[in-house]
file model.txt (compact mmCIF, C-alpha atoms)
# COMPACT_ATOMS: atom_id res chain seq x y z
CA MET A 203 -32.56 -27.82 29.70
CA ALA A 204 -34.49 -30.66 28.18
CA ASP A 205 -35.39 -28.55 25.15
CA GLY A 206 -31.80 -28.55 24.02
CA PHE A 207 -31.04 -24.86 24.59
CA GLY A 208 -28.98 -22.95 27.11
CA PRO A 209 -25.28 -23.17 27.90
CA GLY A 210 -24.10 -26.60 26.89
CA PRO A 211 -20.75 -28.34 26.94
CA ALA A 212 -17.79 -26.25 25.80
CA ALA A 213 -18.51 -25.01 22.27
CA GLY A 214 -16.68 -27.46 20.06
CA GLY A 215 -17.59 -29.49 17.05
CA MET A 216 -14.28 -28.63 15.38
CA PRO A 217 -12.00 -31.62 14.86
CA GLU A 218 -8.55 -30.99 16.32
CA SER A 219 -6.62 -31.02 13.03
CA LEU A 220 -9.06 -28.53 11.50
CA ASP A 221 -8.82 -26.35 14.59
CA ARG A 222 -5.03 -26.36 14.34
CA LEU A 223 -5.18 -25.34 10.68
CA VAL A 224 -7.58 -22.52 11.57
CA THR A 225 -5.19 -21.36 14.30
CA GLU A 226 -2.25 -21.33 11.88
CA LEU A 227 -4.23 -19.40 9.26
CA ALA A 228 -5.46 -16.91 11.87
CA ARG A 229 -1.82 -16.02 12.59
CA LEU A 230 -1.59 -14.45 9.13
CA PRO A 231 -1.93 -10.66 9.02
CA GLY A 232 -5.48 -9.39 8.55
CA ILE A 233 -7.01 -12.88 8.82
CA GLY A 234 -9.52 -13.15 11.64
CA ARG A 235 -10.67 -16.43 13.10
CA ARG A 236 -13.83 -16.55 11.01
CA THR A 237 -11.99 -15.94 7.74
CA ALA A 238 -9.39 -18.50 8.84
CA GLN A 239 -12.17 -21.03 9.37
CA ARG A 240 -13.62 -20.37 5.94
CA LEU A 241 -10.17 -20.74 4.36
CA ALA A 242 -9.39 -23.91 6.32
CA VAL A 243 -12.64 -25.56 5.29
CA HIS A 244 -12.05 -24.55 1.70
CA LEU A 245 -8.51 -25.92 1.71
CA VAL A 246 -9.58 -29.17 3.34
CA ARG A 247 -12.35 -29.69 0.80
CA ALA A 248 -10.59 -28.37 -2.28
CA ASP A 249 -9.16 -30.90 -4.67
CA ALA A 250 -5.64 -31.97 -3.77
CA GLN A 251 -4.25 -30.19 -6.82
CA GLN A 252 -5.14 -26.74 -5.49
CA SER A 253 -3.53 -27.18 -2.11
CA ILE A 254 -0.45 -28.82 -3.64
CA GLN A 255 -0.08 -25.90 -6.03
CA LEU A 256 -0.44 -23.43 -3.20
CA ALA A 257 2.21 -25.22 -1.13
CA ARG A 258 4.50 -25.47 -4.14
CA SER A 259 4.21 -21.80 -5.06
CA LEU A 260 4.93 -20.86 -1.45
CA ASP A 261 8.06 -23.02 -1.41
CA MET A 262 9.18 -21.60 -4.73
CA ALA A 263 8.64 -18.00 -3.70
CA ARG A 264 10.44 -18.53 -0.40
CA GLU A 265 13.35 -20.11 -2.24
CA ARG A 266 13.66 -17.58 -5.03
CA ILE A 267 12.78 -14.19 -3.58
CA VAL A 268 15.86 -12.21 -2.57
CA ARG A 269 16.59 -8.51 -2.24
CA CYS A 270 17.88 -6.57 -5.22
CA HIS A 271 21.50 -5.53 -4.53
CA ARG A 272 20.85 -2.10 -5.97
CA CYS A 273 17.40 -0.97 -4.77
CA PHE A 274 16.73 -3.62 -2.04
CA GLY A 275 13.30 -4.39 -3.51
CA PHE A 276 12.08 -7.96 -4.06
CA SER A 277 13.90 -9.77 -6.84
CA GLU A 278 14.69 -13.22 -8.15
CA ALA A 279 18.11 -12.13 -9.40
CA PRO A 280 20.97 -10.12 -7.86
CA VAL A 281 19.60 -7.03 -9.61
CA CYS A 282 15.84 -6.67 -10.11
CA GLY A 283 13.86 -6.18 -13.30
CA ILE A 284 13.06 -2.55 -12.55
CA CYS A 285 16.71 -1.59 -12.00
CA LEU A 286 17.65 -3.35 -15.25
CA ASP A 287 14.76 -1.95 -17.32
CA PRO A 288 16.30 0.33 -20.00
CA ARG A 289 13.04 2.30 -20.31
CA ARG A 290 13.35 3.58 -16.76
CA GLU A 291 14.57 7.11 -15.96
CA THR A 292 17.70 6.25 -13.99
CA THR A 293 18.13 9.82 -12.74
CA LEU A 294 14.89 9.64 -10.74
CA VAL A 295 14.71 7.59 -7.55
CA CYS A 296 11.67 6.96 -5.39
CA VAL A 297 12.58 6.18 -1.79
CA VAL A 298 10.20 3.89 0.08
CA GLU A 299 10.22 2.08 3.41
CA GLU A 300 9.44 -1.50 2.38
CA PRO A 301 9.70 -3.72 -0.71
CA THR A 302 5.91 -3.95 -0.76
CA ASP A 303 5.71 -0.17 -1.21
CA VAL A 304 7.49 -0.62 -4.56
CA LEU A 305 4.65 -2.91 -5.67
CA LEU A 306 2.07 -0.33 -4.57
CA VAL A 307 3.69 2.55 -6.47
CA GLU A 308 4.17 0.31 -9.51
CA ARG A 309 0.47 -0.47 -9.56
CA THR A 310 -0.31 3.21 -10.15
CA ALA A 311 1.70 2.97 -13.42
CA GLU A 312 2.63 6.63 -12.81
CA TRP A 313 6.27 6.34 -11.86
CA ARG A 314 8.92 5.66 -14.49
CA GLY A 315 11.98 6.19 -12.34
CA LEU A 316 13.81 3.72 -10.11
CA TYR A 317 13.34 2.84 -6.44
CA HIS A 318 15.32 2.66 -3.26
CA VAL A 319 14.00 0.61 -0.35
CA LEU A 320 15.18 1.92 3.02
CA GLY A 321 14.15 -1.19 4.93
CA GLY A 322 12.04 0.73 7.44
CA ALA A 323 11.69 4.19 8.94
CA LEU A 324 13.59 6.03 11.64
CA SER A 325 12.15 5.32 15.06
CA PRO A 326 14.17 6.12 18.17
CA LEU A 327 11.56 4.36 20.29
CA GLU A 328 11.98 1.12 18.37
CA GLY A 329 15.74 1.64 18.21
CA ILE A 330 15.81 2.14 14.43
CA ASP A 331 18.69 4.51 13.66
CA PRO A 332 19.92 5.86 10.31
CA ALA A 333 22.54 3.11 10.34
CA ASP A 334 19.75 0.49 10.25
CA LEU A 335 18.44 1.84 6.95
CA THR A 336 20.06 1.65 3.50
CA LEU A 337 20.96 5.37 3.59
CA ALA A 338 24.66 4.91 2.83
CA GLN A 339 23.73 2.88 -0.25
CA LEU A 340 21.29 5.62 -1.29
CA GLU A 341 24.02 8.26 -1.02
CA GLU A 342 26.31 6.05 -3.09
CA ARG A 343 23.67 5.72 -5.82
CA ILE A 344 23.04 9.48 -5.88
CA ALA A 345 26.74 10.11 -6.38
CA GLU A 346 27.42 7.36 -8.91
CA ASP A 347 24.29 7.40 -11.08
CA GLY A 348 23.82 11.16 -11.55
CA VAL A 349 20.44 11.14 -9.80
CA THR A 350 18.67 14.50 -10.20
CA GLU A 351 15.58 13.95 -8.07
CA VAL A 352 14.69 11.78 -5.10
CA VAL A 353 10.98 11.41 -4.29
CA VAL A 354 10.72 10.41 -0.64
CA ALA A 355 7.56 8.28 -0.49
CA THR A 356 7.90 7.06 3.07
CA ASN A 357 4.59 6.56 4.90
CA PRO A 358 2.82 9.77 6.06
CA THR A 359 3.27 8.68 9.68
CA MET A 360 5.43 10.19 12.44
CA SER A 361 8.37 7.95 11.67
CA GLY A 362 7.87 8.20 7.90
CA GLU A 363 7.87 12.03 8.07
CA ALA A 364 10.94 12.00 10.31
CA THR A 365 12.67 9.74 7.83
CA ALA A 366 11.70 12.06 4.95
CA SER A 367 13.18 15.05 6.80
CA TYR A 368 16.32 13.11 7.52
CA VAL A 369 16.73 12.12 3.87
CA ALA A 370 16.09 15.73 2.79
CA ASP A 371 18.81 17.01 5.16
CA LEU A 372 21.16 14.26 4.06
CA LEU A 373 20.82 14.98 0.35
CA ARG A 374 20.38 18.79 0.47
CA GLY A 375 22.44 20.44 -2.25
CA ARG A 376 23.17 17.15 -4.00
CA CYS A 377 19.86 16.71 -5.85
CA ARG A 378 16.23 17.77 -5.80
CA VAL A 379 14.37 16.06 -2.95
CA THR A 380 10.58 15.94 -3.13
CA ARG A 381 7.78 14.39 -1.16
CA PRO A 382 4.38 13.18 -2.46
CA ALA A 383 1.78 15.79 -1.53
CA SER A 384 -1.63 15.43 0.01
CA GLY A 385 -3.89 12.54 -0.87
CA LEU A 386 -2.45 10.11 1.62
CA PRO A 387 -4.49 10.39 4.85
CA VAL A 388 -2.12 11.26 7.68
CA GLY A 389 -1.53 8.50 10.18
CA SER A 390 -2.17 5.69 7.70
CA ASP A 391 0.13 3.43 5.72
CA LEU A 392 0.76 3.49 1.97
CA ASP A 393 -0.57 -0.02 2.16
CA GLN A 394 -4.10 1.24 2.86
CA ALA A 395 -4.37 3.74 -0.01
CA ASP A 396 -5.85 3.11 -3.46
CA GLU A 397 -3.92 3.57 -6.70
CA LEU A 398 -5.60 6.89 -7.50
CA THR A 399 -4.65 8.41 -4.16
CA ILE A 400 -1.07 7.27 -4.46
CA GLY A 401 -0.94 8.53 -8.05
CA LYS A 402 -2.33 11.95 -7.06
CA ALA A 403 0.08 12.24 -4.19
CA PHE A 404 2.92 11.66 -6.64
CA SER A 405 1.84 14.25 -9.20
CA GLY A 406 1.36 16.88 -6.45
CA ARG A 407 4.69 16.24 -4.76
CA ARG A 408 6.44 19.17 -3.04
CA ASP A 409 10.08 20.14 -2.59
CA LEU A 410 11.73 19.26 0.68
CA ALA A 411 15.22 20.48 -0.27
CA MET B 288 7.76 12.12 -19.99
CA ALA B 289 11.22 13.08 -18.81
CA ASP B 290 9.89 13.86 -15.31
CA GLY B 291 9.21 10.21 -14.70
CA PHE B 292 5.43 10.36 -14.65
CA GLY B 293 2.71 9.22 -17.01
CA PRO B 294 1.95 5.78 -18.38
CA GLY B 295 5.12 3.74 -18.20
CA PRO B 296 5.98 0.18 -19.10
CA ALA B 297 3.45 -2.45 -18.01
CA ALA B 298 2.98 -2.16 -14.25
CA GLY B 299 5.22 -4.83 -12.82
CA GLY B 300 7.82 -4.92 -10.14
CA MET B 301 6.52 -8.24 -8.85
CA PRO B 302 8.96 -11.13 -9.24
CA GLU B 303 7.34 -14.06 -11.05
CA SER B 304 7.40 -16.52 -8.13
CA LEU B 305 5.81 -13.95 -5.83
CA ASP B 306 3.20 -13.17 -8.46
CA ARG B 307 2.36 -16.86 -8.77
CA LEU B 308 1.96 -17.19 -5.01
CA VAL B 309 -0.32 -14.13 -5.00
CA THR B 310 -2.39 -15.70 -7.78
CA GLU B 311 -2.73 -18.97 -5.86
CA LEU B 312 -3.75 -17.17 -2.67
CA ALA B 313 -6.24 -14.98 -4.56
CA ARG B 314 -8.04 -18.18 -5.64
CA LEU B 315 -9.08 -18.73 -2.03
CA PRO B 316 -12.65 -17.65 -1.18
CA GLY B 317 -12.97 -14.07 0.05
CA ILE B 318 -9.31 -13.25 -0.62
CA GLY B 319 -8.88 -10.36 -3.05
CA ARG B 320 -5.68 -9.64 -4.91
CA ARG B 321 -4.54 -7.01 -2.43
CA THR B 322 -5.04 -9.28 0.60
CA ALA B 323 -3.36 -12.08 -1.33
CA GLN B 324 -0.37 -9.84 -1.92
CA ARG B 325 -0.14 -8.95 1.76
CA LEU B 326 -0.35 -12.64 2.70
CA ALA B 327 2.22 -13.66 0.09
CA VAL B 328 4.71 -11.06 1.27
CA HIS B 329 4.13 -12.09 4.86
CA LEU B 330 4.62 -15.78 4.07
CA VAL B 331 7.76 -15.11 2.06
CA ARG B 332 9.27 -13.00 4.82
CA ALA B 333 8.04 -15.02 7.83
CA ASP B 334 10.52 -17.36 9.47
CA ALA B 335 10.60 -20.78 7.86
CA GLN B 336 9.02 -22.33 10.95
CA GLN B 337 5.72 -20.54 10.43
CA SER B 338 5.26 -21.54 6.81
CA ILE B 339 6.35 -25.11 7.55
CA GLN B 340 3.81 -25.34 10.36
CA LEU B 341 1.10 -23.96 8.11
CA ALA B 342 1.91 -26.49 5.38
CA ARG B 343 2.06 -29.31 7.93
CA SER B 344 -1.26 -28.46 9.55
CA LEU B 345 -2.86 -28.27 6.10
CA ASP B 346 -1.52 -31.72 5.20
CA MET B 347 -2.65 -33.13 8.53
CA ALA B 348 -6.14 -31.69 8.27
CA ARG B 349 -6.55 -32.92 4.70
CA GLU B 350 -5.42 -36.38 5.76
CA ARG B 351 -7.53 -36.68 8.90
CA ILE B 352 -10.81 -34.88 8.24
CA VAL B 353 -13.57 -37.24 7.14
CA ARG B 354 -17.35 -37.11 7.37
CA CYS B 355 -19.08 -38.53 10.44
CA HIS B 356 -21.02 -41.66 9.40
CA ARG B 357 -23.96 -40.62 11.52
CA CYS B 358 -24.41 -36.84 11.08
CA PHE B 359 -22.11 -36.21 8.06
CA GLY B 360 -20.34 -33.36 9.87
CA PHE B 361 -16.56 -33.02 9.93
CA SER B 362 -14.84 -35.66 12.04
CA GLU B 363 -11.51 -37.38 12.57
CA ALA B 364 -13.18 -40.68 13.45
CA PRO B 365 -16.00 -42.74 11.89
CA VAL B 366 -18.41 -41.11 14.35
CA CYS B 367 -17.81 -37.52 15.47
CA GLY B 368 -17.35 -36.14 18.98
CA ILE B 369 -20.76 -34.47 19.00
CA CYS B 370 -22.61 -37.67 18.09
CA LEU B 371 -20.66 -39.57 20.78
CA ASP B 372 -21.04 -36.90 23.49
CA PRO B 373 -23.22 -38.43 26.28
CA ARG B 374 -24.32 -34.94 27.44
CA ARG B 375 -26.13 -34.31 24.18
CA GLU B 376 -29.92 -34.60 23.87
CA THR B 377 -30.11 -37.40 21.32
CA THR B 378 -33.82 -36.84 20.69
CA LEU B 379 -33.17 -33.38 19.20
CA VAL B 380 -31.61 -33.04 15.76
CA CYS B 381 -30.59 -29.82 14.01
CA VAL B 382 -30.58 -30.18 10.23
CA VAL B 383 -28.07 -28.00 8.35
CA GLU B 384 -26.84 -27.75 4.79
CA GLU B 385 -23.07 -27.93 5.26
CA PRO B 386 -20.55 -29.24 7.83
CA THR B 387 -19.43 -25.65 8.41
CA ASP B 388 -22.95 -24.77 9.56
CA VAL B 389 -22.44 -27.21 12.46
CA LEU B 390 -19.42 -25.17 13.56
CA LEU B 391 -21.44 -21.95 13.35
CA VAL B 392 -24.32 -23.28 15.49
CA GLU B 393 -21.84 -24.80 17.95
CA ARG B 394 -20.23 -21.41 18.42
CA THR B 395 -23.48 -20.01 19.78
CA ALA B 396 -23.26 -22.62 22.59
CA GLU B 397 -27.09 -22.65 22.53
CA TRP B 398 -27.78 -26.02 21.01
CA ARG B 399 -27.39 -29.21 23.04
CA GLY B 400 -28.94 -31.61 20.57
CA LEU B 401 -27.31 -33.45 17.68
CA TYR B 402 -26.90 -32.48 14.02
CA HIS B 403 -27.64 -33.81 10.59
CA VAL B 404 -25.77 -32.39 7.59
CA LEU B 405 -27.78 -32.61 4.37
CA GLY B 406 -24.83 -31.91 2.12
CA GLY B 407 -26.54 -29.00 0.35
CA ALA B 408 -29.99 -27.65 -0.42
CA LEU B 409 -32.59 -28.60 -3.01
CA SER B 410 -32.08 -26.70 -6.24
CA PRO B 411 -33.76 -27.88 -9.43
CA LEU B 412 -31.74 -25.31 -11.40
CA GLU B 413 -28.45 -26.77 -10.20
CA GLY B 414 -29.82 -30.29 -10.51
CA ILE B 415 -29.78 -30.98 -6.76
CA ASP B 416 -32.64 -33.40 -6.03
CA PRO B 417 -33.75 -34.95 -2.73
CA ALA B 418 -31.71 -38.03 -3.65
CA ASP B 419 -28.53 -35.93 -3.61
CA LEU B 420 -29.05 -35.01 0.05
CA THR B 421 -28.75 -37.26 3.10
CA LEU B 422 -32.54 -37.34 3.57
CA ALA B 423 -32.87 -41.13 3.67
CA GLN B 424 -30.27 -41.26 6.44
CA LEU B 425 -32.17 -38.54 8.30
CA GLU B 426 -35.39 -40.57 8.11
CA GLU B 427 -33.52 -43.60 9.37
CA ARG B 428 -32.17 -41.67 12.36
CA ILE B 429 -35.63 -40.30 13.20
CA ALA B 430 -37.01 -43.83 13.23
CA GLU B 431 -34.16 -45.52 15.09
CA ASP B 432 -33.17 -42.91 17.68
CA GLY B 433 -36.59 -41.78 18.91
CA VAL B 434 -36.04 -38.20 17.72
CA THR B 435 -38.80 -35.90 19.00
CA GLU B 436 -37.84 -32.64 17.28
CA VAL B 437 -35.97 -31.68 14.14
CA VAL B 438 -34.86 -28.03 13.85
CA VAL B 439 -34.35 -27.30 10.17
CA ALA B 440 -31.59 -24.67 10.11
CA THR B 441 -31.00 -24.56 6.39
CA ASN B 442 -30.04 -21.14 5.02
CA PRO B 443 -32.84 -18.54 4.75
CA THR B 444 -32.43 -18.50 0.97
CA MET B 445 -34.79 -19.74 -1.74
CA SER B 446 -33.22 -23.19 -1.86
CA GLY B 447 -32.81 -23.36 1.91
CA GLU B 448 -36.50 -22.55 2.44
CA ALA B 449 -37.53 -25.06 -0.22
CA THR B 450 -35.41 -27.68 1.52
CA ALA B 451 -36.99 -26.84 4.90
CA SER B 452 -40.48 -27.27 3.42
CA TYR B 453 -39.46 -30.55 1.88
CA VAL B 454 -38.07 -31.85 5.18
CA ALA B 455 -41.25 -30.68 6.98
CA ASP B 456 -43.45 -32.57 4.50
CA LEU B 457 -41.20 -35.61 4.70
CA LEU B 458 -41.28 -35.84 8.51
CA ARG B 459 -44.83 -34.61 9.16
CA GLY B 460 -46.52 -36.78 11.77
CA ARG B 461 -43.28 -38.50 12.75
CA CYS B 462 -41.81 -35.76 14.97
CA ARG B 463 -42.00 -32.05 15.67
CA VAL B 464 -40.33 -30.06 12.88
CA THR B 465 -39.28 -26.48 13.62
CA ARG B 466 -37.41 -23.73 11.85
CA PRO B 467 -35.26 -21.01 13.44
CA ALA B 468 -37.28 -17.77 13.42
CA SER B 469 -36.37 -14.27 12.36
CA GLY B 470 -32.93 -12.87 13.01
CA LEU B 471 -31.31 -14.30 9.93
CA PRO B 472 -31.57 -11.68 7.18
CA VAL B 473 -33.36 -13.24 4.19
CA GLY B 474 -31.20 -13.87 1.17
CA SER B 475 -28.00 -14.29 3.14
CA ASP B 476 -26.05 -17.34 4.30
CA LEU B 477 -25.72 -18.66 7.87
CA ASP B 478 -22.06 -18.07 7.26
CA GLN B 479 -22.53 -14.29 7.36
CA ALA B 480 -24.46 -14.05 10.64
CA ASP B 481 -23.01 -13.44 14.09
CA GLU B 482 -23.46 -15.82 17.04
CA LEU B 483 -26.12 -13.64 18.67
CA THR B 484 -28.30 -13.62 15.56
CA ILE B 485 -27.99 -17.34 15.10
CA GLY B 486 -28.72 -17.88 18.80
CA LYS B 487 -31.84 -15.66 18.68
CA ALA B 488 -33.10 -17.37 15.58
CA PHE B 489 -32.83 -20.67 17.44
CA SER B 490 -34.68 -19.57 20.57
CA GLY B 491 -37.51 -18.06 18.47
CA ARG B 492 -37.93 -21.08 16.19
CA ARG B 493 -41.39 -21.80 14.79
CA ASP B 494 -43.26 -25.00 13.97
CA LEU B 495 -43.32 -26.17 10.39
CA ALA B 496 -45.18 -29.42 10.99

call {"tool": "encode", "arguments": {"input": "model.txt", "output": "structure tokens"}}
result
Amino acid sequence: MADGFGPGPAAGGMPESLDRLVTELARLPGIGRRTAQRLAVHLVRADAQQSIQLARSLDMARERIVRCHRCFGFSEAPVCGICLDPRRETTLVCVVEEPTDVLLVERTAEWRGLYHVLGGALSPLEGIDPADLTLAQLEERIAEDGVTEVVVATNPTMSGEATASYVADLLRGRCRVTRPASGLPVGSDLDQADELTIGKAFSGRRDLA
Amino acid sequence: MADGFGPGPAAGGMPESLDRLVTELARLPGIGRRTAQRLAVHLVRADAQQSIQLARSLDMARERIVRCHRCFGFSEAPVCGICLDPRRETTLVCVVEEPTDVLLVERTAEWRGLYHVLGGALSPLEGIDPADLTLAQLEERIAEDGVTEVVVATNPTMSGEATASYVADLLRGRCRVTRPASGLPVGSDLDQADELTIGKAFSGRRDLA
């Protein structure tokens, strides 16, 4: 192949330390190898200040972020800013699977009640039982805080729906239990929906119990 | 709004340190705020080992990556592995704009010659003149290494085409100067093309001088 084309030596050209950085970045969720390469090159070429700031903010977040003792959402204090916000309707609780779901609902700016993070969804196959979720703490809050309505905003997936049914059965007769209506495509995660869809799903919520 | 819906207090729910990490991540190229949030949450929740390894590989890459003295591509030594590889056709040189373009062409495993990184493309508007590129070093290599063909694989953009013409004029009569043919959509960057497209563009290259 004197013209320089055709299968050559193993495709390389990537210095080892750069390759290792690309590999680490590609382990992050949703980051493919090509995006990882672009990020790696950017980080290697960026001025030192930017990568130091990134590393510092990661350290700080890892150090400070804990779970709120009341709602189990992300917090930097024992009780989070939402739980302590006096403008919130404390009789309304939105139940979600993960702390990130709180951020998603908050971005719609539609919900003025509080939250309760279950820490997952029921899944017999994955061995996630009711005891693995913060259901006892939810019941406690319902009883102690005079909660009148619980909106169960678990993901519209098999396990999310099962969890919603379970919560409805658990709380039946104690308060109104609703579920966000259509808008969320079945089989997807809250994570994939836009603010408008999540907002619409909330305003069209239906009674479960 | 006693039912808990409607515009509420400023959308928040994101602890400050997490928000700062999201902001830092969103400064990376191609990372929107939503992806940044997903990455931040992942990094905060991942086991310490993963984020330590990421930080360490970033430090290591930043420390070790330099430019090859010969081709100006990424390297961990004064002269890079491609330039030193005895299986490479040293009489064939592929001219690219950026070090990352070397990685892209290498991934096609089609090119067995060497590279020369210009360090950009001519752009009078941005004040990038021939003197800002590694053109003198390219001329030197042509003269010293008995180069018979230069493939100018600058981006198929205005400035990339202008640079290719400039290189063709500069080297006319000294060696064959070619340009990868169709396949690369005009107006885009090499960065956006897949391996197959880049490979095809190489095999269908046309003479410029």

call {"tool": "closest_residue", "arguments": {"input": "model.txt", "among": "A:Gly283, A:Ala333, A:Arg240, A:Ala338", "to": "A:Arg269", "atoms": "all atoms listed in the file"}}
result
A:Gly283

call {"tool": "closest_atom_pairs", "arguments": {"input": "model.txt", "of": "chain B", "to": "chain A", "cutoff": "7 Å", "atoms": "all atoms listed in the file", "output": "JSON lines"}}
result
{"residue": "B:Gly291", "atom": "CA", "partner": "A:Arg314", "partner_atom": "CA", "distance": 4.6}
{"residue": "B:Phe292", "atom": "CA", "partner": "A:Trp313", "partner_atom": "CA", "distance": 5.0}
{"residue": "B:Gly293", "atom": "CA", "partner": "A:Glu312", "partner_atom": "CA", "distance": 4.9}
{"residue": "B:Pro294", "atom": "CA", "partner": "A:Glu312", "partner_atom": "CA", "distance": 5.7}
{"residue": "B:Gly295", "atom": "CA", "partner": "A:Arg314", "partner_atom": "CA", "distance": 5.6}
{"residue": "B:Ala298", "atom": "CA", "partner": "A:Ala311", "partner_atom": "CA", "distance": 5.4}
{"residue": "B:Gly299", "atom": "CA", "partner": "A:Glu308", "partner_atom": "CA", "distance": 6.2}
{"residue": "B:Gly300", "atom": "CA", "partner": "A:Leu305", "partner_atom": "CA", "distance": 5.8}
{"residue": "B:Met301", "atom": "CA", "partner": "A:Leu305", "partner_atom": "CA", "distance": 6.5}
{"residue": "B:Pro302", "atom": "CA", "partner": "A:Ser277", "partner_atom": "CA", "distance": 5.7}
{"residue": "B:Ser304", "atom": "CA", "partner": "A:Ala263", "partner_atom": "CA", "distance": 4.8}
{"residue": "B:Leu305", "atom": "CA", "partner": "A:Ala263", "partner_atom": "CA", "distance": 5.4}
{"residue": "B:Arg307", "atom": "CA", "partner": "A:Ser259", "partner_atom": "CA", "distance": 6.4}
{"residue": "B:Leu308", "atom": "CA", "partner": "A:Ser259", "partner_atom": "CA", "distance": 5.1}
{"residue": "B:Glu311", "atom": "CA", "partner": "A:Leu256", "partner_atom": "CA", "distance": 5.7}
{"residue": "B:Leu315", "atom": "CA", "partner": "A:Leu241", "partner_atom": "CA", "distance": 6.8}
{"residue": "B:Pro316", "atom": "CA", "partner": "A:Leu241", "partner_atom": "CA", "distance": 6.8}
{"residue": "B:Leu326", "atom": "CA", "partner": "A:Leu230", "partner_atom": "CA", "distance": 6.8}
{"residue": "B:Val331", "atom": "CA", "partner": "A:Arg264", "partner_atom": "CA", "distance": 5.0}
{"residue": "B:Leu341", "atom": "CA", "partner": "A:Glu226", "partner_atom": "CA", "distance": 5.7}
{"residue": "B:Ala342", "atom": "CA", "partner": "A:Ala257", "partner_atom": "CA", "distance": 6.6}
{"residue": "B:Ser344", "atom": "CA", "partner": "A:Leu223", "partner_atom": "CA", "distance": 5.1}
{"residue": "B:Leu345", "atom": "CA", "partner": "A:Leu223", "partner_atom": "CA", "distance": 5.9}
{"residue": "B:Met347", "atom": "CA", "partner": "A:Ser219", "partner_atom": "CA", "distance": 6.4}
{"residue": "B:Ala348", "atom": "CA", "partner": "A:Ser219", "partner_atom": "CA", "distance": 4.8}
{"residue": "B:Arg349", "atom": "CA", "partner": "A:Val246", "partner_atom": "CA", "distance": 5.0}
{"residue": "B:Phe361", "atom": "CA", "partner": "A:Pro217", "partner_atom": "CA", "distance": 6.9}
{"residue": "B:Ser362", "atom": "CA", "partner": "A:Pro217", "partner_atom": "CA", "distance": 5.7}
{"residue": "B:Glu363", "atom": "CA", "partner": "A:Pro217", "partner_atom": "CA", "distance": 6.2}
{"residue": "B:Gly368", "atom": "CA", "partner": "A:Gly215", "partner_atom": "CA", "distance": 6.9}
{"residue": "B:Ile369", "atom": "CA", "partner": "A:Gly215", "partner_atom": "CA", "distance": 6.2}
{"residue": "B:Glu376", "atom": "CA", "partner": "A:Gly206", "partner_atom": "CA", "distance": 6.3}
{"residue": "B:Leu379", "atom": "CA", "partner": "A:Gly206", "partner_atom": "CA", "distance": 7.0}
{"residue": "B:Leu390", "atom": "CA", "partner": "A:Gly215", "partner_atom": "CA", "distance": 5.8}
{"residue": "B:Glu393", "atom": "CA", "partner": "A:Ala213", "partner_atom": "CA", "distance": 5.5}
{"residue": "B:Arg394", "atom": "CA", "partner": "A:Ala213", "partner_atom": "CA", "distance": 5.5}
{"residue": "B:Ala396", "atom": "CA", "partner": "A:Ala213", "partner_atom": "CA", "distance": 5.3}
{"residue": "B:Glu397", "atom": "CA", "partner": "A:Gly208", "partner_atom": "CA", "distance": 5.0}
{"residue": "B:Trp398", "atom": "CA", "partner": "A:Phe207", "partner_atom": "CA", "distance": 5.0}
{"residue": "B:Arg399", "atom": "CA", "partner": "A:Gly206", "partner_atom": "CA", "distance": 4.6}
{"residue": "B:Gly400", "atom": "CA", "partner": "A:Gly206", "partner_atom": "CA", "distance": 5.4}

call {"tool": "closest_residue", "arguments": {"input": "model.txt", "among": "B:Pro417, B:His356, B:Asn442, B:Arg463", "to": "B:Glu385", "atoms": "all atoms listed in the file"}}
result
B:Asn442

call {"tool": "atom_distance", "arguments": {"input": "model.txt", "atom1": "atom CA of B:Val454", "atom2": "atom CA of B:Leu422"}}
result
8.0 Å

call {"tool": "atom_distance", "arguments": {"input": "model.txt", "atom1": "atom CA of B:Ala430", "atom2": "atom CA of B:Gly460"}}
result
11.9 Å

call {"tool": "closest_residue", "arguments": {"input": "model.txt", "among": "B:Cys462, B:Ala313, B:Leu409, B:Ile485", "to": "B:Thr435", "atoms": "only C-alpha atoms"}}
result
B:Cys462

call {"tool": "atom_distance", "arguments": {"input": "model.txt", "atom1": "atom CA of A:Ser361", "atom2": "atom CA of B:Ala323"}}
result
26.6 Å

call {"tool": "closest_residue", "arguments": {"input": "model.txt", "among": "B:Pro373, B:His403, B:Val439, B:Glu482", "to": "B:Gln424", "atoms": "only C-alpha atoms"}}
result
B:His403

call {"tool": "axis_aligned_box", "arguments": {"input": "model.txt", "around": "stretch 331-350 of chain A", "padding_each_side": "5 Å", "output": "lines of an AutoDock Vina configuration file"}}
result
center_x = 22.9
center_y = 7.5
center_z = 1.1
size_x = 19.0
size_y = 24.0
size_z = 35.2

call {"tool": "residues_near_point", "arguments": {"input": "model.txt", "point": "(-18.5, -43.8, 12.2)", "cutoff": "6 Å", "atoms": "all atoms listed in the file", "output": "number ranges by chain"}}
result
B: 355-356, 365-366

call {"tool": "closest_residue", "arguments": {"input": "model.txt", "among": "A:Glu328, A:Gly362, A:Arg235, A:Leu335", "to": "A:Phe274", "atoms": "all atoms listed in the file"}}
result
A:Leu335
